[in-house]
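Beneath this line is the structure, given in structure tokens, with notes to follow.
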Amino acid sequence: MNASQPAVQSVIHQLREFWPAPTAVDAAERLRMVLGAAFGIGLTSLLSHALQGPPGLGWIVAPMGASAVLLFCLPSSPLAQPWAVIGGNALSALVGVACVHLLPWPDVAAALSVALAIGLMFALRCLHPPGGASALLVAANGIADPRAALVVLVNALLLTAMAYVFHKLVSRHRYPNRNLPSRPDPVTEEALDAVLARYNEVLAVSRDELRELIDHTQRLAHQRRLSDTRCADVMTREVTTVQYGTPLQEAWTLLRKLGLKVLPVVDRGRHVVGIVTLTDFLEAASLDVHHGFDQRLRRFITPSQRTHSDRPEVVGQIMTRKVRVTREHRTLSDLVLLFDSTGHRHIPVVGEGGKLVGMVTQSDVVAALKVGALLDLPGHAAAV
């Protein structure tokens, strides 16, 4: 191998890093952008022919070509909104005229016109890159006639109107973007402000569009997590159970001592035959009034010590027999539908042979989604 080949390959590799990533726009959309720009510039030029601009300017100015790129290819960008296009171009042209009047040195007038135009566009919230070109065009050609600003204004108005019509009838993209009040979500607002402040630069996307992208990305991440995560990944495996013949007092003590809300009822083979909840106890004891609640509950769960009794004494006599169960391989999306359709908050999980292997709750699903969202944050995966 030639000794110089590794060096050449290294240079090629470095140059590739500067090659832009492919644009995520299909061929049909690209064609619409091309036709939109042709439509906008063509009609703007045609309708502007009647303008009598100063010598050296013509009826349509070159910066409109750059404005067309923004209007027809990046309609959601803050730089492409009507006030940015119209105000940015026309005011910058006025700045160029003023600099020609005030400064006898063409190079200084050209430089200062662009700088002052950018400052003015920032101050008036109409930052538009072609505005700098409008200022430079006027100043570099020594045009001191205020009609230059009028030509630029009419061009910008017409081109913006063409963009509105084109997006309304052809592309179906939303244009212009409305500056809607922020939704009442202070945490998200603060996070978004912090991210924008960290970048400290003008982004070619509006705040609302950025929020939409974030929300959509989060929804897709949640959907992916709902589809990829299995019941076995989130369920509780160590489940306290009781049997049909477990005394009520013992079951009640387990519920209260362990802070549980449900107890699966299993047979000797660990097949689920029912489920007993706090509600089952209260309904069986007819504890729908608060007066004497403690005493009545204590009497209900205390064994009668008789061979025959007219009241329930074991779990099997008060348990709910119709139990919805789920399988280990079911996804979180399946569980969400199951919880929603049954109204249950605790569902037993069965494995091979229908034997109980765990318990899954709504809280387990919510916790899994929250943890997944944290792992999606930049830098968190590395920290873990």
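Within each chain, counting starts at residue 1; across the structure tokens, chains are named A, B, ... in the order shown, with ligands numbered 1 upward in that order.
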
Near-Ser171 in chain A list (10 Å; only C-alpha atoms; drop same-chain fewer than 6 positions) as a compact mmCIF listing (two decimals) with N, CA and C atoms, in the first residue's frame:
```txt
# COMPACT_ATOMS: atom_id res chain seq x y z
N GLU A 29 -42.62 16.49 -3.01
CA GLU A 29 -42.58 17.74 -2.24
C GLU A 29 -41.51 18.67 -2.81
N ARG A 32 -42.93 20.36 -5.77
CA ARG A 32 -43.85 21.43 -5.38
C ARG A 32 -43.09 22.69 -4.98
N MET A 33 -41.98 22.52 -4.27
CA MET A 33 -41.17 23.68 -3.87
C MET A 33 -40.63 24.42 -5.09
N GLY A 36 -43.42 26.12 -6.84
CA GLY A 36 -43.87 27.25 -6.04
C GLY A 36 -42.99 28.46 -6.21
N PHE A 72 -41.09 29.20 0.04
CA PHE A 72 -41.64 28.01 -0.60
C PHE A 72 -41.00 26.70 -0.11
N ALA A 163 -46.99 33.26 -2.04
CA ALA A 163 -46.70 32.12 -1.16
C ALA A 163 -47.95 31.69 -0.39
N VAL A 165 -51.11 32.04 -1.30
CA VAL A 165 -52.02 31.37 -2.23
C VAL A 165 -51.52 29.97 -2.56
```

Between A:Arg16, A:Pro54, A:Leu157, A:Trp59, which residue has the minimum interatomic distance to Ile86 in chain A, considering only C-alpha atoms?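 For Ile86 in chain A, the nearest of the given residues is A:Leu157.
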
Can you pull out every residue from range 63-127 of chain A that DSSP, working from the backbone, puts in helix (DSSP H, G or I), and format the result as a PyMOL selection string? chain A and resi 63-73+78-80+82-102+106-123

Closest to Ala148 in chain A among A:Thr236, A:His101, A:Gln52, A:Arg219, using only C-alpha atoms? A:Gln52

Of the candidates A:Ile12, A:Leu213, A:Leu356, A:Ala139, which one gets nearest to Asp267 in chain A if we count only C-alpha atoms?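 The answer is A:Leu356, which sits nearest to Asp267 in chain A.
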
So which one's closest to Thr23 in chain A, A:Ala135, A:Leu153, A:Cys73, A:Ala38? Using only C-alpha atoms, please. A:Cys73

CA of Leu70 in chain A to CA of His128 in chain A, straight-line distance in Å: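 Atom-to-atom, CA of His128 in chain A and CA of Leu70 in chain A are spaced 9.1 Å apart.
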
What's around Val266 in chain A at 8 Å? Count only C-alpha atoms, leave out sequence neighbours fewer than 5 positions away in its own chain, and write the answer as a list of chain:residue names.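 Here the answer would be A:Thr241, A:Val242, A:Gln243, A:Tyr244, A:His271, A:Val272, A:Val273, A:Gly274, A:Leu356.
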
Closest atom pairs, residues of range 223-244 of chain A within 6 Å of range 326-342 of chain A, only C-alpha atoms, as a tab-separated table:
```
residue	atom	partner	partner_atom	distance
A:Leu226	CA	A:Leu332	CA	4.7
A:Ser227	CA	A:Thr331	CA	5.7
A:Thr229	CA	A:Thr331	CA	5.6
A:Arg230	CA	A:Thr331	CA	4.3
A:Cys231	CA	A:Glu328	CA	5.1
A:Ala232	CA	A:Glu328	CA	4.8
```

Deliver the residues from the most recent selection as a file, using C-alpha atoms, as a short mmCIF file (atom, residue, chain, number, x, y, z; two decimals), in the first residue's frame.
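Result file result-v7.cif:
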```cif
data_model
loop_
_atom_site.label_atom_id
_atom_site.label_comp_id
_atom_site.auth_asym_id
_atom_site.auth_seq_id
_atom_site.Cartn_x
_atom_site.Cartn_y
_atom_site.Cartn_z
CA LEU A 226 -45.78 0.43 24.71
CA SER A 227 -45.17 -1.99 21.84
CA THR A 229 -42.09 -3.64 26.62
CA ARG A 230 -43.64 -6.88 27.83
CA CYS A 231 -45.75 -7.60 30.86
CA ALA A 232 -42.96 -9.77 32.24
#
```

Distance in Å - CA of Ser67 in chain A versus CA of Leu169 in chain A: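 Those two atoms sit 19.9 Å apart.
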
Calculate how many Å separate CA of Thr279 in chain A from CA of Asp364 in chain A, rounding to one decimal.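 If I compute the distance from CA of Thr279 in chain A to CA of Asp364 in chain A, I get 21.4 Å.
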
For range 49-51 of chain A: contacts at 8 Å, only C-alpha atoms, fewer than 3 positions along chain excluded, given as a CSV table (one decimal) with N, CA and C atoms, in the first residue's frame:
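Generated output (out36.csv):
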```csv
chain,number,residue,atom,x,y,z
A,45,SER,N,-42.7,39.2,-10.6
A,45,SER,CA,-42.0,39.9,-11.6
A,45,SER,C,-43.0,40.5,-12.6
A,46,LEU,N,-44.0,39.7,-13.0
A,46,LEU,CA,-45.0,40.2,-14.0
A,46,LEU,C,-45.8,41.4,-13.5
A,59,TRP,N,-37.3,46.3,-11.8
A,59,TRP,CA,-38.6,46.2,-11.3
A,59,TRP,C,-38.8,45.1,-10.2
A,60,ILE,N,-37.8,44.2,-10.2
A,60,ILE,CA,-37.7,43.1,-9.2
A,60,ILE,C,-36.3,43.0,-8.7
A,151,VAL,N,-39.9,49.8,-4.3
A,151,VAL,CA,-39.8,48.7,-5.1
A,151,VAL,C,-39.7,47.4,-4.3
```

Shell around range 94-100 of chain A at 12 Å using only C-alpha atoms, local window under 2 positions removed, as a ChimeraX atom specification: /A:54,87-92,102-121,131-153
